[in-house]
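Read through the structure below, which is laid out as structure tokens, and then see the notes.
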Amino acid sequence: MEFLSKIIEFLKLPKRYVWVVALVSGLLLFLPEGFLARIHVEKFAHDFGSYIGLTFLVSTLILAVELVLLAWRSLRGRKTHRERKERALAGLGRLDAQERAVLREFWIQGKNTIQLPVDQPTVVGLLDKGILETVGRLGERSTAGLLFPAKLSEAVDAHLTTSLVGLPLGEPTEEEKVAILQSRPDFVGEIEEHNDVFHSSWRGRRRLGRW
């Protein structure tokens with residue numbers, strides 16, 4: 001029973017210690033006796049051979065299971081990542097007018113990361129599809145909603161084009177600029193007002209985007 005309790009305690013060790021135990025017990029089992037004699041552990045290996053063998057067996061089994069689980073988690077993670085990418089790319093082909101307006105903000109503001117209300121339905125949909133992702137963990141309340149920095153996800157960043165978000169291929173005309181600016185999401189004005197009040201250092205910078 002005492003030896004069984006020792007095994008239970010051993011199972012709770014961090015895996016790096018289990019690797020050390022497996023390596024040491026394996027060396028004691030498989031190194032030539034002459035070498036063990038030179039380092040004065042031959043008698044120890046002989047007297048406790050059965051315990052060393054059991055320790056080696058248990059530790060290698062633990063590590064084998066851990067490696068199998070690690071490989072499984074890695075494969076599952078890759079599969080999940082691939083499915084998210086496929087879902088995000090598929091979502092690009094089904095953007096509605098409101099979603100395109102939100103995504104145009106990256107071009108209009110000329111930024112890779114912008115503030116967006118993550119509880120606004122259109123933004124929620126883009127996040128859920130994997131087209132957008134939030135940056136950091138700190139948000140702030142505003143009349144527009146809960147603001148978080150957001151960016152295009154890696155899955156769609158290289159695939160999202162101006163034509164997909166309803167922007168002209170070349171330099172827009174003044175009439176096109178006016179039409180696009182008039183179609184900006186309603187919450188943009190509220191975000192700008194929020195920043196004017198609570199982030200005075202941002203004042204004057206909100207118009208420094210591409211337009």
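By order of appearance in the structure tokens: chains A, B, ..., then residues from 1 within every chain, and ligands from 1 in the order shown.
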Exercise. Within 10 Å of stretch 61-78 of chain A, counting only C-alpha atoms, which residues qualify if same-chain residues fewer than 5 places away don't, as a list in words?
Worked result: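 That gives Leu11, Lys15, Arg16, Val18, Trp19, Ala22, Thr55, Phe56, Glu83 and Arg84 of chain A.
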Exercise. Residues at most 12 Å from A:Arg94, counting only C-alpha atoms, excluding those fewer than 3 positions away in the same chain, as a ChimeraX atom specification?
Worked result: /A:87-91,97-100,125-126,129,131,164-165
Problem set entry | A:Phe106 environment, 12 Å, only C-alpha atoms, sequence neighbours closer than 3 positions dropped, as a ChimeraX atom specification | /A:100-103,109-116,132,149-152,157,160-162,165,167,184,209-211
For this session: Run DSSP on the backbone and grab whatever in stretch 44-208 of chain A lands in helix (DSSP H, G or I); send it over as an MDAnalysis selection string.
Result: chainID A and resid 44:47 49:92 97:109 121:129 154:157 174:182 187:198 200:202
For this session: List the neighbours of A:Asp186 out to 12 Å using only C-alpha atoms; skip same-chain residues closer than 3 positions along the sequence, and give me the result as a list in words.
Result: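 Returned residues: Gln98, Ala101, Val102, Glu105, Leu116, Pro117, Gln120, Thr122, Thr143, Ala144, Gly145, Leu181, Gln182, Ser183, Gly189, Glu190, Ile191 and Glu192 of chain A.
If only C-alpha atoms are the atoms counted, then among A:Thr134, A:Val178, A:Glu140, A:Asp96 the closest residue to A:Gly166 is A:Asp96.
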Problem set entry | Residue among A:Leu29, A:Leu57, A:Glu193, A:Phe187 lying closest to A:Phe44, counting only C-alpha atoms |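 Closest residue, counting only C-alpha atoms: A:Leu29.
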Exercise. Smallest atom-to-atom distance to A:Lys85: which of A:Ser153, A:Ser25, A:Ser50, A:Thr173, using only C-alpha atoms?
Worked result: A:Ser153
For this session: Per DSSP on the backbone, filter stretch 9-195 of chain A down to the residues in strand (DSSP E or B) and report them as a list in words.
Result: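 After running DSSP on the backbone, stretch 9-195 of chain A has strand (DSSP E or B) at Thr113, Ile114, Gln115, Leu116, Pro117, Leu132, Glu133, Thr134, Glu140, Arg141, Ser142, Gly145, Leu146, Leu147, Phe148, Pro149, Ala150, Lys151 and Leu152 of chain A.
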